[in-house]
Every structure is written in C-alpha cells, then in structure tokens.
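The structure file start_31.cif is reproduced below (mmCIF, C-alpha atoms).
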data_coords
loop_
_atom_site.group_PDB
_atom_site.id
_atom_site.type_symbol
_atom_site.label_atom_id
_atom_site.label_comp_id
_atom_site.auth_asym_id
_atom_site.auth_seq_id
_atom_site.Cartn_x
_atom_site.Cartn_y
_atom_site.Cartn_z
ATOM 1 C CA MET A 218 -50.993 -24.543 -61.566
ATOM 2 C CA THR A 219 -47.421 -23.429 -62.048
ATOM 3 C CA ALA A 220 -45.570 -21.287 -59.528
ATOM 4 C CA THR A 221 -44.490 -17.942 -60.804
ATOM 5 C CA PRO A 222 -41.451 -16.068 -59.460
ATOM 6 C CA SER A 223 -43.742 -13.637 -57.654
ATOM 7 C CA THR A 224 -45.501 -16.433 -55.787
ATOM 8 C CA LEU A 225 -42.170 -17.992 -54.824
ATOM 9 C CA GLU A 226 -40.959 -14.720 -53.382
ATOM 10 C CA THR A 227 -44.166 -14.400 -51.408
ATOM 11 C CA ALA A 228 -44.002 -17.943 -50.030
ATOM 12 C CA ALA A 229 -40.269 -17.869 -49.117
ATOM 13 C CA PRO A 230 -39.533 -17.062 -45.458
ATOM 14 C CA ALA A 231 -37.782 -13.836 -44.608
ATOM 15 C CA PRO A 232 -33.997 -14.242 -44.300
ATOM 16 C CA ARG A 233 -32.757 -14.437 -40.693
ATOM 17 C CA ALA A 234 -30.042 -12.131 -39.536
ATOM 18 C CA PRO A 235 -26.782 -14.011 -38.944
ATOM 19 C CA GLY A 236 -26.206 -14.922 -35.283
ATOM 20 C CA ARG A 237 -29.788 -14.040 -34.299
ATOM 21 C CA ARG A 238 -31.691 -16.736 -32.463
ATOM 22 C CA VAL A 239 -35.353 -17.219 -33.246
ATOM 23 C CA ARG A 240 -37.194 -17.816 -29.990
ATOM 24 C CA THR A 241 -40.091 -20.182 -30.601
ATOM 25 C CA ARG A 242 -43.122 -20.563 -28.382
ATOM 26 C CA SER A 243 -41.666 -23.691 -26.754
ATOM 27 C CA THR A 244 -38.364 -21.912 -26.052
ATOM 28 C CA ARG A 245 -40.144 -18.966 -24.429
ATOM 29 C CA LYS A 246 -42.165 -21.357 -22.324
ATOM 30 C CA GLN A 247 -38.998 -23.170 -21.185
ATOM 31 C CA VAL A 248 -37.260 -19.904 -20.245
ATOM 32 C CA GLY A 249 -40.356 -18.765 -18.369
ATOM 33 C CA SER A 250 -40.491 -21.996 -16.387
ATOM 34 C CA LEU A 251 -36.801 -21.675 -15.454
ATOM 35 C CA ALA A 252 -37.311 -18.100 -14.264
ATOM 36 C CA ALA A 253 -40.316 -19.183 -12.232
ATOM 37 C CA GLY A 254 -38.246 -21.972 -10.698
ATOM 38 C CA HIS A 255 -35.522 -19.510 -9.727
ATOM 39 C CA ARG A 256 -38.112 -17.259 -8.087
ATOM 40 C CA ARG A 257 -39.519 -20.190 -6.135
ATOM 41 C CA LEU A 258 -36.020 -21.143 -4.898
ATOM 42 C CA PHE A 259 -35.185 -17.583 -3.803
ATOM 43 C CA ALA A 260 -37.129 -17.736 -0.548
ATOM 44 C CA PRO A 261 -35.895 -21.092 0.844
ATOM 45 C CA PHE A 262 -32.247 -20.512 -0.114
ATOM 46 C CA VAL A 263 -31.568 -16.780 0.107
ATOM 47 C CA LEU A 264 -34.120 -15.529 2.625
ATOM 48 C CA PRO A 265 -32.650 -17.429 5.633
ATOM 49 C CA ALA A 266 -29.219 -15.938 4.902
ATOM 50 C CA ILE A 267 -30.732 -12.451 4.650
ATOM 51 C CA VAL A 268 -32.591 -12.923 7.939
ATOM 52 C CA LEU A 269 -29.458 -14.238 9.678
ATOM 53 C CA TYR A 270 -27.329 -11.387 8.320
ATOM 54 C CA THR A 271 -29.924 -8.842 9.397
ATOM 55 C CA VAL A 272 -30.205 -10.262 12.929
ATOM 56 C CA LEU A 273 -26.462 -10.679 13.491
ATOM 57 C CA PHE A 274 -25.104 -7.616 11.660
ATOM 58 C CA VAL A 275 -27.609 -5.026 10.469
ATOM 59 C CA ILE A 276 -29.609 -4.742 13.706
ATOM 60 C CA PRO A 277 -26.495 -4.622 15.979
ATOM 61 C CA ILE A 278 -24.947 -1.950 13.730
ATOM 62 C CA GLY A 279 -28.148 0.071 13.927
ATOM 63 C CA ALA A 280 -28.231 -0.330 17.719
ATOM 64 C CA ALA A 281 -24.566 0.698 17.992
ATOM 65 C CA PHE A 282 -25.266 3.802 15.906
ATOM 66 C CA TRP A 283 -28.182 4.726 18.181
ATOM 67 C CA ILE A 284 -26.017 4.233 21.290
ATOM 68 C CA SER A 285 -23.319 6.414 19.715
ATOM 69 C CA LEU A 286 -25.802 9.293 19.669
ATOM 70 C CA ASN A 287 -26.281 9.060 23.429
ATOM 71 C CA LYS A 288 -24.285 9.422 26.613
ATOM 72 C CA TRP A 289 -24.648 6.121 28.439
ATOM 73 C CA ALA A 290 -22.687 4.290 31.122
ATOM 74 C CA GLY A 291 -24.101 0.867 30.229
ATOM 75 C CA SER A 292 -26.981 1.021 32.699
ATOM 76 C CA GLY A 293 -29.583 3.578 33.637
ATOM 77 C CA PRO A 294 -31.176 6.141 31.352
ATOM 78 C CA MET A 295 -29.557 7.399 28.149
ATOM 79 C CA THR A 296 -28.944 11.071 27.488
ATOM 80 C CA PHE A 297 -29.301 12.035 23.846
ATOM 81 C CA VAL A 298 -26.312 14.142 22.722
ATOM 82 C CA GLY A 299 -26.554 13.823 18.945
ATOM 83 C CA PHE A 300 -23.192 13.784 17.194
ATOM 84 C CA GLN A 301 -21.306 15.149 20.192
ATOM 85 C CA ASN A 302 -19.529 11.824 20.742
ATOM 86 C CA TYR A 303 -18.152 11.957 17.184
ATOM 87 C CA ILE A 304 -17.030 15.565 17.627
ATOM 88 C CA SER A 305 -15.306 14.611 20.891
ATOM 89 C CA LEU A 306 -13.482 11.763 19.136
ATOM 90 C CA LEU A 307 -11.913 14.131 16.622
ATOM 91 C CA GLY A 308 -10.636 16.264 19.498
ATOM 92 C CA ASP A 309 -9.341 13.336 21.567
ATOM 93 C CA ARG A 310 -5.549 13.062 21.368
ATOM 94 C CA ILE A 311 -5.609 9.371 22.326
ATOM 95 C CA PHE A 312 -8.143 8.532 19.599
ATOM 96 C CA ILE A 313 -6.067 10.366 16.981
ATOM 97 C CA GLN A 314 -3.000 8.421 18.129
ATOM 98 C CA SER A 315 -4.982 5.181 17.926
ATOM 99 C CA LEU A 316 -6.132 6.047 14.407
ATOM 100 C CA VAL A 317 -2.557 6.838 13.323
ATOM 101 C CA ASN A 318 -1.356 3.533 14.778
ATOM 102 C CA THR A 319 -4.106 1.691 12.907
ATOM 103 C CA LEU A 320 -3.086 3.303 9.618
ATOM 104 C CA MET A 321 0.568 2.439 10.339
ATOM 105 C CA MET A 322 -0.495 -1.165 10.824
ATOM 106 C CA LEU A 323 -2.386 -1.035 7.550
ATOM 107 C CA PHE A 324 0.264 0.517 5.315
ATOM 108 C CA ILE A 325 3.677 -0.120 6.914
ATOM 109 C CA VAL A 326 3.037 -3.611 8.272
ATOM 110 C CA GLY A 327 0.916 -4.494 5.232
ATOM 111 C CA GLY A 328 3.631 -3.320 2.830
ATOM 112 C CA ALA A 329 6.274 -5.357 4.655
ATOM 113 C CA ILE A 330 4.014 -8.423 4.701
ATOM 114 C CA PHE A 331 3.317 -8.407 0.963
ATOM 115 C CA ILE A 332 6.917 -7.641 -0.015
ATOM 116 C CA LEU A 333 8.115 -10.591 2.055
ATOM 117 C CA ALA A 334 5.223 -12.768 0.860
ATOM 118 C CA PHE A 335 6.057 -12.221 -2.811
ATOM 119 C CA ALA A 336 9.772 -12.720 -2.141
ATOM 120 C CA MET A 337 9.088 -15.975 -0.315
ATOM 121 C CA SER A 338 6.793 -17.079 -3.135
ATOM 122 C CA LEU A 339 9.671 -16.681 -5.590
ATOM 123 C CA VAL A 340 11.971 -18.690 -3.339
ATOM 124 C CA LEU A 341 9.515 -21.427 -2.388
ATOM 125 C CA ARG A 342 8.341 -22.063 -5.926
ATOM 126 C CA ASP A 343 11.590 -23.742 -6.971
ATOM 127 C CA MET A 344 12.494 -25.057 -3.537
ATOM 128 C CA ALA A 345 12.640 -28.759 -2.719
ATOM 129 C CA GLY A 346 10.219 -29.628 0.056
ATOM 130 C CA ARG A 347 8.161 -26.487 -0.488
ATOM 131 C CA LYS A 348 5.020 -28.087 0.985
ATOM 132 C CA THR A 349 6.808 -28.662 4.271
ATOM 133 C CA ALA A 350 8.254 -25.148 4.182
ATOM 134 C CA ARG A 351 4.791 -23.727 3.500
ATOM 135 C CA ALA A 352 3.391 -25.522 6.550
ATOM 136 C CA VAL A 353 6.247 -24.249 8.714
ATOM 137 C CA ILE A 354 5.825 -20.598 7.754
ATOM 138 C CA PHE A 355 2.047 -20.875 8.175
ATOM 139 C CA PHE A 356 2.326 -22.282 11.703
ATOM 140 C CA PRO A 357 2.950 -18.955 13.546
ATOM 141 C CA HIS A 358 -0.453 -17.739 12.361
ATOM 142 C CA LEU A 359 -2.074 -20.604 14.279
ATOM 143 C CA VAL A 360 -0.403 -19.763 17.594
ATOM 144 C CA ASN A 361 -2.479 -17.795 20.086
ATOM 145 C CA ALA A 362 -1.413 -14.178 20.593
ATOM 146 C CA LEU A 363 -1.043 -14.883 24.324
ATOM 147 C CA VAL A 364 2.052 -16.949 23.549
ATOM 148 C CA TYR A 365 3.736 -14.006 21.829
ATOM 149 C CA GLY A 366 2.885 -11.700 24.725
ATOM 150 C CA VAL A 367 4.448 -14.091 27.224
ATOM 151 C CA LEU A 368 7.523 -14.565 25.010
ATOM 152 C CA ALA A 369 7.915 -10.809 24.714
ATOM 153 C CA GLY A 370 7.972 -10.505 28.483
ATOM 154 C CA PHE A 371 10.725 -13.145 28.773
ATOM 155 C CA ILE A 372 12.852 -12.323 25.744
ATOM 156 C CA PHE A 373 12.731 -8.516 25.555
ATOM 157 C CA ASN A 374 12.736 -7.512 29.215
ATOM 158 C CA PRO A 375 15.893 -5.668 30.422
ATOM 159 C CA GLY A 376 17.473 -8.905 31.648
ATOM 160 C CA GLY A 377 16.062 -11.064 28.875
ATOM 161 C CA LEU A 378 17.643 -13.169 26.160
ATOM 162 C CA VAL A 379 18.011 -10.401 23.568
ATOM 163 C CA ASN A 380 19.733 -7.915 25.874
ATOM 164 C CA ALA A 381 21.955 -10.663 27.319
ATOM 165 C CA ALA A 382 23.095 -11.507 23.780
ATOM 166 C CA LEU A 383 23.737 -7.840 22.992
ATOM 167 C CA ARG A 384 25.823 -7.415 26.152
ATOM 168 C CA ALA A 385 27.794 -10.528 25.245
ATOM 169 C CA ILE A 386 28.912 -8.895 21.979
ATOM 170 C CA GLY A 387 29.874 -5.633 23.689
ATOM 171 C CA VAL A 388 26.712 -3.489 23.641
ATOM 172 C CA GLN A 389 26.806 -1.726 27.005
ATOM 173 C CA ASN A 390 23.395 -0.016 26.866
ATOM 174 C CA PRO A 391 20.954 -2.222 24.930
ATOM 175 C CA PRO A 392 17.590 -0.738 23.943
ATOM 176 C CA GLU A 393 14.635 -0.864 26.290
ATOM 177 C CA TRP A 394 12.458 -2.922 23.982
ATOM 178 C CA LEU A 395 9.374 -2.859 26.196
ATOM 179 C CA ALA A 396 9.513 0.856 26.944
ATOM 180 C CA ARG A 397 6.385 2.813 26.057
ATOM 181 C CA ASP A 398 8.025 4.507 23.085
ATOM 182 C CA ASN A 399 9.469 1.280 21.661
ATOM 183 C CA MET A 400 6.663 -1.194 22.277
ATOM 184 C CA PHE A 401 4.560 -0.335 19.227
ATOM 185 C CA GLY A 402 7.498 -0.976 16.906
ATOM 186 C CA LEU A 403 7.943 -4.368 18.551
ATOM 187 C CA ILE A 404 4.238 -5.093 18.062
ATOM 188 C CA MET A 405 4.499 -4.170 14.374
ATOM 189 C CA LEU A 406 7.496 -6.477 13.937
ATOM 190 C CA THR A 407 5.626 -9.292 15.648
ATOM 191 C CA MET A 408 2.610 -8.769 13.371
ATOM 192 C CA VAL A 409 4.859 -9.068 10.312
ATOM 193 C CA LEU A 410 6.445 -12.289 11.550
ATOM 194 C CA VAL A 411 3.112 -13.818 12.558
ATOM 195 C CA THR A 412 1.119 -12.864 9.467
ATOM 196 C CA VAL A 413 3.548 -13.132 6.539
ATOM 197 C CA GLY A 414 3.245 -16.932 6.386
ATOM 198 C CA TYR A 415 -0.541 -16.739 6.096
ATOM 199 C CA TYR A 416 -0.477 -14.458 3.057
ATOM 200 C CA THR A 417 2.479 -16.306 1.538
ATOM 201 C CA THR A 418 0.403 -19.482 1.611
ATOM 202 C CA ILE A 419 -2.517 -17.781 -0.160
ATOM 203 C CA LEU A 420 -0.266 -16.183 -2.775
ATOM 204 C CA MET A 421 1.529 -19.486 -3.344
ATOM 205 C CA ALA A 422 -1.831 -21.082 -4.126
ATOM 206 C CA GLY A 423 -2.229 -18.473 -6.879
ATOM 207 C CA VAL A 424 1.332 -18.966 -8.103
ATOM 208 C CA ASP A 425 0.783 -22.720 -8.360
ATOM 209 C CA ARG A 426 -2.004 -22.108 -10.902
ATOM 210 C CA ILE A 427 0.382 -20.509 -13.391
ATOM 211 C CA PRO A 428 1.258 -22.977 -16.184
ATOM 212 C CA PRO A 429 4.951 -24.006 -16.259
ATOM 213 C CA TYR A 430 5.451 -22.869 -19.853
ATOM 214 C CA PHE A 431 5.299 -19.228 -18.733
ATOM 215 C CA TYR A 432 8.364 -19.797 -16.573
ATOM 216 C CA GLU A 433 10.044 -21.698 -19.414
ATOM 217 C CA ASP A 434 9.505 -18.704 -21.707
ATOM 218 C CA CYS A 435 11.002 -16.446 -19.023
ATOM 219 C CA ALA A 436 14.047 -18.692 -18.770
ATOM 220 C CA LEU A 437 14.510 -18.687 -22.554
ATOM 221 C CA ALA A 438 14.219 -14.891 -22.595
ATOM 222 C CA GLY A 439 16.786 -14.561 -19.796
ATOM 223 C CA ALA A 440 14.366 -12.901 -17.361
ATOM 224 C CA ASN A 441 15.580 -12.456 -13.802
ATOM 225 C CA ALA A 442 13.513 -12.974 -10.645
ATOM 226 C CA TRP A 443 12.239 -9.385 -10.566
ATOM 227 C CA GLN A 444 11.127 -9.532 -14.209
ATOM 228 C CA ARG A 445 9.391 -12.871 -13.570
ATOM 229 C CA LEU A 446 7.542 -11.303 -10.667
ATOM 230 C CA ARG A 447 6.597 -8.144 -12.571
ATOM 231 C CA TYR A 448 5.576 -9.575 -15.934
ATOM 232 C CA VAL A 449 4.315 -13.074 -15.063
ATOM 233 C CA ILE A 450 3.523 -13.723 -11.404
ATOM 234 C CA LEU A 451 1.950 -10.395 -10.446
ATOM 235 C CA PRO A 452 -0.335 -10.053 -13.508
ATOM 236 C CA LEU A 453 -1.481 -13.690 -13.345
ATOM 237 C CA THR A 454 -2.103 -13.616 -9.572
ATOM 238 C CA TRP A 455 -3.537 -10.099 -9.431
ATOM 239 C CA ASP A 456 -6.992 -11.310 -8.394
ATOM 240 C CA VAL A 457 -5.469 -13.309 -5.526
ATOM 241 C CA PHE A 458 -3.398 -10.313 -4.439
ATOM 242 C CA ALA A 459 -6.503 -8.085 -4.488
ATOM 243 C CA VAL A 460 -8.346 -10.493 -2.197
ATOM 244 C CA CYS A 461 -5.348 -10.642 0.171
ATOM 245 C CA ALA A 462 -5.179 -6.843 0.251
ATOM 246 C CA VAL A 463 -8.858 -6.627 1.214
ATOM 247 C CA LEU A 464 -8.413 -9.287 3.910
ATOM 248 C CA TRP A 465 -5.451 -7.432 5.398
ATOM 249 C CA THR A 466 -7.301 -4.082 5.299
ATOM 250 C CA ILE A 467 -10.182 -5.536 7.291
ATOM 251 C CA SER A 468 -7.864 -7.368 9.704
ATOM 252 C CA SER A 469 -5.614 -4.356 10.366
ATOM 253 C CA VAL A 470 -8.518 -2.226 11.579
ATOM 254 C CA LYS A 471 -9.531 -5.004 14.014
ATOM 255 C CA ILE A 472 -6.107 -5.684 15.574
ATOM 256 C CA PHE A 473 -6.706 -5.914 19.301
ATOM 257 C CA GLU A 474 -5.526 -8.955 21.215
ATOM 258 C CA ILE A 475 -1.808 -8.778 20.476
ATOM 259 C CA VAL A 476 -1.689 -5.097 21.528
ATOM 260 C CA TRP A 477 -3.584 -5.806 24.719
ATOM 261 C CA ILE A 478 -1.454 -8.835 25.606
ATOM 262 C CA PHE A 479 1.807 -6.957 24.973
ATOM 263 C CA GLY A 480 0.623 -4.335 27.455
ATOM 264 C CA GLY A 481 -0.041 -7.085 29.985
ATOM 265 C CA ALA A 482 3.402 -8.566 29.344
ATOM 266 C CA VAL A 483 5.026 -5.547 30.986
ATOM 267 C CA GLY A 484 2.766 -5.819 34.021
ATOM 268 C CA SER A 485 0.664 -2.700 33.450
ATOM 269 C CA GLY A 486 -2.611 -4.479 32.612
ATOM 270 C CA VAL A 487 -3.890 -1.918 30.129
ATOM 271 C CA PRO A 488 -1.430 -1.271 27.277
ATOM 272 C CA PRO A 489 0.254 2.142 27.071
ATOM 273 C CA THR A 490 -1.829 4.572 25.039
ATOM 274 C CA GLN A 491 1.105 4.975 22.610
ATOM 275 C CA THR A 492 0.354 1.443 21.374
ATOM 276 C CA TRP A 493 -3.433 1.661 21.117
ATOM 277 C CA THR A 494 -5.227 0.904 17.879
ATOM 278 C CA ALA A 495 -8.811 1.884 17.034
ATOM 279 C CA ALA A 496 -10.090 -1.470 18.318
ATOM 280 C CA VAL A 497 -8.199 -1.121 21.617
ATOM 281 C CA TYR A 498 -9.502 2.449 22.035
ATOM 282 C CA THR A 499 -13.078 1.230 21.544
ATOM 283 C CA TYR A 500 -12.705 -1.522 24.123
ATOM 284 C CA ALA A 501 -10.840 0.600 26.670
ATOM 285 C CA THR A 502 -13.385 3.399 26.413
ATOM 286 C CA ALA A 503 -16.328 1.100 27.057
ATOM 287 C CA PHE A 504 -14.993 -1.825 29.124
ATOM 288 C CA SER A 505 -11.565 -1.065 30.624
ATOM 289 C CA GLY A 506 -12.925 -0.663 34.178
ATOM 290 C CA GLU A 507 -10.404 2.072 35.008
ATOM 291 C CA SER A 508 -12.927 4.878 34.533
ATOM 292 C CA VAL A 509 -16.655 5.406 34.142
ATOM 293 C CA PRO A 510 -17.761 3.344 31.117
ATOM 294 C CA ALA A 511 -18.604 5.492 28.124
ATOM 295 C CA PHE A 512 -20.636 3.242 25.877
ATOM 296 C CA GLY A 513 -21.702 6.153 23.690
ATOM 297 C CA ALA A 514 -18.124 7.173 22.929
ATOM 298 C CA GLY A 515 -17.104 3.518 22.480
ATOM 299 C CA ALA A 516 -19.951 2.924 20.040
ATOM 300 C CA ALA A 517 -19.015 6.096 18.146
ATOM 301 C CA SER A 518 -15.445 4.816 17.836
ATOM 302 C CA ALA A 519 -16.740 1.453 16.558
ATOM 303 C CA ILE A 520 -18.972 3.128 13.963
ATOM 304 C CA PHE A 521 -16.064 5.333 12.899
ATOM 305 C CA SER A 522 -13.889 2.225 12.446
ATOM 306 C CA LEU A 523 -16.645 0.566 10.409
ATOM 307 C CA LEU A 524 -16.882 3.604 8.122
ATOM 308 C CA LEU A 525 -13.085 3.709 7.823
ATOM 309 C CA VAL A 526 -12.742 0.077 6.785
ATOM 310 C CA SER A 527 -15.704 0.367 4.384
ATOM 311 C CA ILE A 528 -14.156 3.384 2.637
ATOM 312 C CA LEU A 529 -10.723 1.750 2.507
ATOM 313 C CA VAL A 530 -12.106 -1.471 1.043
ATOM 314 C CA LEU A 531 -14.100 0.419 -1.613
ATOM 315 C CA LEU A 532 -11.044 2.470 -2.587
ATOM 316 C CA LEU A 533 -8.869 -0.635 -2.622
ATOM 317 C CA ARG A 534 -11.302 -2.563 -4.800
ATOM 318 C CA ARG A 535 -11.402 0.364 -7.207
ATOM 319 C CA ALA A 536 -7.593 0.646 -7.263
ATOM 320 C CA THR A 537 -7.034 -3.094 -7.798
ATOM 321 C CA ARG A 538 -9.689 -3.509 -10.477
ATOM 322 C CA ARG A 539 -8.096 -5.127 -13.505
ATOM 323 C CA GLU A 540 -9.261 -7.130 -16.484
ATOM 324 C CA VAL A 541 -9.022 -10.809 -15.650
ATOM 325 C CA ILE A 542 -6.284 -12.603 -17.587
ATOM 326 C CA GLU A 543 -7.353 -16.091 -18.625
ATOM 327 C CA PHE A 544 -4.751 -18.816 -19.044
#

Can you dump the structure from the file as structure tokens?
Amino acid sequence: MTATPSTLETAAPAPRAPGRRVRTRSTRKQVGSLAAGHRRLFAPFVLPAIVLYTVLFVIPIGAAFWISLNKWAGSGPMTFVGFQNYISLLGDRIFIQSLVNTLMMLFIVGGAIFILAFAMSLVLRDMAGRKTARAVIFFPHLVNALVYGVLAGFIFNPGGLVNAALRAIGVQNPPEWLARDNMFGLIMLTMVLVTVGYYTTILMAGVDRIPPYFYEDCALAGANAWQRLRYVILPLTWDVFAVCAVLWTISSVKIFEIVWIFGGAVGSGVPPTQTWTAAVYTYATAFSGESVPAFGAGAASAIFSLLLVSILVLLLRRATRREVIEF
C-alpha cells in the first residue's frame, strides 16, 4: 500500500508554536510533586515564624490598641473612653512639639546624614587605607548613648571645654549650649555625628559592587565628582540607598535614649519638653513617675507613632521605586 499525500497530511503531527513548551504527562507529574513538596514544607518552616511574629508583635499591638481606647493608670479597672485619648493627643501642645521634633529628626538630620554619607563615599573610594577609615567612622555608632550624654555634660556646660576655647579666642559671651532652647539642636548634631558612619559603611558596600570600568569611562569623559555621583554611583546604588532610607525612617521615629540621657546630663532627670520626640513622649506619659501614669494616652501615642512610621515607609517605598539596573 502506497501512502498518498492526503494520508501523509493526516499522519503528520500538528506544527508546534515557536517557544511553546509541550507539557507531557511525566512533566505534569513532576511539577505536581514539587508543588506538593512545597506545601508540605510550608508548615514546618513558615508556620513557626508566623506564630512567633503573632505572639511577639501582632498580639501586643492589638493589646496596645485596646489599652489606647481606655483610661488606665496601669492597675485597677479600666474606663472605656473610645477615641478620646487620640483626640486629646491632637490637642496636646507637648505631643505636637514631640511630633515636630520627630519629623525634624527624620528630614533634617536624615538629609544631613545622607549628604555626608555620599560625600564620604566619594572620598573613601579612592583613599588609601579606606578599610581602616571605614572602621573608624563606624565606631561612634557602637558607643553607648550614655557616653555622649556624659560628654555633653562635661564639654558643653558653661565652664566646659568648648566655652573655655571660645573665651580663649575672644568670645566674651559664648552660647549656652545646654539651655532648653539650644539642647535639641545639639542632640541633632550629635545624631548626625554618631549615625553618618553607619550609613556610609552601608553605602560603601554598594559602591564597592560597581565595576571599575564605569569609573574609567567617567575619567575618559572628563566627569567630575558630582557627575560621577549623579550618573554612576546613585543609579547603581539606588536599591541600597532605598533600604538605608527605610532604616533611617524607622529609626528616627524610635529615637529615645540619647534625648533622655541629654536631659539627665544637665541634672534635670527628665529632658526638657522642647527636646521630646514621639518615643520620649510615650515613655514620659506612661512611666515618668512625675505624674499619675496614663497608660491609655501612652498607648495611643505609641499606636500613632506606629501608624506614622507605616505611612512614611509606604510613601518612601513608592517614591524610591525604580527599575533595577543590572551590571
């Protein structure tokens, strides 16, 4: 029997679309077994983390929110007041001042930190002994905030080292650095000096990933330091910068110990209210011991801070979203 053209057309398999994978029965079985394996591993690997996160974070946040809806001194019965604690916060002059100080820490101190961090990255990249220099500038971040509070009391008091040096060069009336109106500026300066090395180290790790031929092209094109930063370093380390920005946003809302210790450095125990941040306001409202504890108002302030940092991080992630550049 001879094959006719019609029988050949009938017996020939249908042409396969280019790039389309034909999934056989064995392939489907293999994919199904992999998916089943992933489902079996979900419980032993992910479930403990979910349980731990729920116990340590979700439940305490829920409890804090419930306390914020009550008037409570820390012991005895609670009095349900609804959202009155939140309404009182918005009318509290000290809380508004604390919120403004927190935002100043976020934007002013944060801006100074990242400007200095990028500038130091440009300098350290071509510097001999940059590993040693990186360790030196990172060291202040490891020092306990108590040390800086004690140093502030010795160096910036009216008879301290700074004012003695100013008088030696002819300044008759040096500033009162530890006065209530000047202390927050000193705290901001200290935060810049303490933190800039930490973020410089992280950014330098991103800068070190950039291949050398990018810098060679910049040198051949006659690019200056600012152009290198704008067109090479910043685009190629944008993901690292975005992570640093999120870390600083979260940290700035939680700044507490250095403010509290600076207040103790001047002998007043509790810091002046002009220097309070949102974290200090929360602690002082609930635990300061100088008035009747107000755990409801303190919890409301904590929940407000949590909402603030969540909104800021979401906005920041949206603003810093860029297409990843591969190199």

*For region 459-474 of chain A, list every protein, DNA or RNA residue within 9 Å, evaluated using all atoms listed in the file, and leave out those in the same chain fewer than 2 positions away; present the list as a ChimeraX atom specification.*
/A:319-320,322-324,326-327,331,362-363,416,419-420,454-457,476-479,493-497,500,522-523,525-527,529-530,533-534,537-538

_Once the PyMOL selection byres ((chain A and resi 266-280) around 12) is applied to the coordinates I shared, what remains selected? I want it as a ChimeraX atom specification._
/A:259-265,281-287,512-513,516-517,519-524

_All residues 9 Å or closer to Phe401 (chain A), all atoms listed in the file, same chain fewer than 4 positions away omitted, as number ranges by chain_ = A: 318, 395, 397, 405-406, 476, 491-493

Store the residues picked out above in a file with C-alpha atoms, as a JSON list (two decimals), in the frame of the given file.
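Result file result.json:
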[["chain", "number", "residue", "atom", "x", "y", "z"],
["A", 318, "ASN", "CA", -1.36, 3.53, 14.78],
["A", 395, "LEU", "CA", 9.37, -2.86, 26.20],
["A", 397, "ARG", "CA", 6.38, 2.81, 26.06],
["A", 405, "MET", "CA", 4.50, -4.17, 14.37],
["A", 406, "LEU", "CA", 7.50, -6.48, 13.94],
["A", 476, "VAL", "CA", -1.69, -5.10, 21.53],
["A", 491, "GLN", "CA", 1.10, 4.97, 22.61],
["A", 492, "THR", "CA", 0.35, 1.44, 21.37],
["A", 493, "TRP", "CA", -3.43, 1.66, 21.12]]

*Spatial neighbours of region 440-444 of chain A, max dist 12 Å, all atoms listed in the file, sep filter under 2 positions, as a PyMOL selection string*: chain A and resi 332+335-340+342-343+431-438+446-452

*Hey, can you check how far CA of Leu532 (chain A) sits from CA of Leu453 (chain A)?*
21.6 Å

*asked:* For a quick check of understanding, using all atoms listed in the file, which of A:Leu306, A:Ala350, A:Ala369, A:Ala382 has the smallest distance to Tyr498 (chain A)?
replied: A:Leu306

*Which residue gives the smallest distance to Phe355 (chain A) among A:Ala514, A:Ala385, A:Leu410, A:Ala253, with only C-alpha atoms counted?*
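That would be A:Leu410, the residue with the smallest distance to Phe355 (chain A).
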
*Which residue gives the smallest distance to Phe373 (chain A) among A:Leu333, A:Ile404, A:Val353, A:Val360, with all atoms listed in the file counted?*
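Closest to Phe373 (chain A) of all the choices is A:Ile404.
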
_Gap from CA of Arg539 (chain A) to CA of Met408 (chain A) - Å, one decimal_ =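 Separation of CA of Arg539 (chain A) and CA of Met408 (chain A): 29.2 Å.
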
*asked:* Please compute the CA of Lys348 (chain A)-CA of Gly366 (chain A) distance, one decimal, in Å.
replied: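 Separation of CA of Lys348 (chain A) and CA of Gly366 (chain A): 28.9 Å.
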
Selection near Pro375 (chain A), 10 Å with only C-alpha atoms, sequence-local residues under 3 positions removed, as a PDB file with C-alpha atoms, in the coordinates of the input:
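And here's out_33.pdb as it stands now:
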ATOM      1  CA  GLY A 370       7.972 -10.505  28.483  1.00  0.00           C
ATOM      2  CA  PHE A 371      10.725 -13.145  28.773  1.00  0.00           C
ATOM      3  CA  ILE A 372      12.852 -12.323  25.744  1.00  0.00           C
ATOM      4  CA  LEU A 378      17.643 -13.169  26.160  1.00  0.00           C
ATOM      5  CA  VAL A 379      18.011 -10.401  23.568  1.00  0.00           C
ATOM      6  CA  ASN A 380      19.733  -7.915  25.874  1.00  0.00           C
ATOM      7  CA  ALA A 381      21.955 -10.663  27.319  1.00  0.00           C
ATOM      8  CA  PRO A 391      20.954  -2.222  24.930  1.00  0.00           C
ATOM      9  CA  PRO A 392      17.590  -0.738  23.943  1.00  0.00           C
ATOM     10  CA  GLU A 393      14.635  -0.864  26.290  1.00  0.00           C
ATOM     11  CA  TRP A 394      12.458  -2.922  23.982  1.00  0.00           C
ATOM     12  CA  LEU A 395       9.374  -2.859  26.196  1.00  0.00           C
ATOM     13  CA  ALA A 396       9.513   0.856  26.944  1.00  0.00           C
TER      14      ALA A 396
END

_Using only C-alpha atoms, can you tell me which of A:Arg257, A:His358, A:Gly480, A:Phe312 comes closest to Asn399 (chain A)?_
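The answer is A:Gly480, which sits nearest to Asn399 (chain A).
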
*Between A:Gly377, A:Ala329, A:Pro510, A:Leu316, which is the closest to Thr407 (chain A) once you count all atoms listed in the file?*
A:Ala329
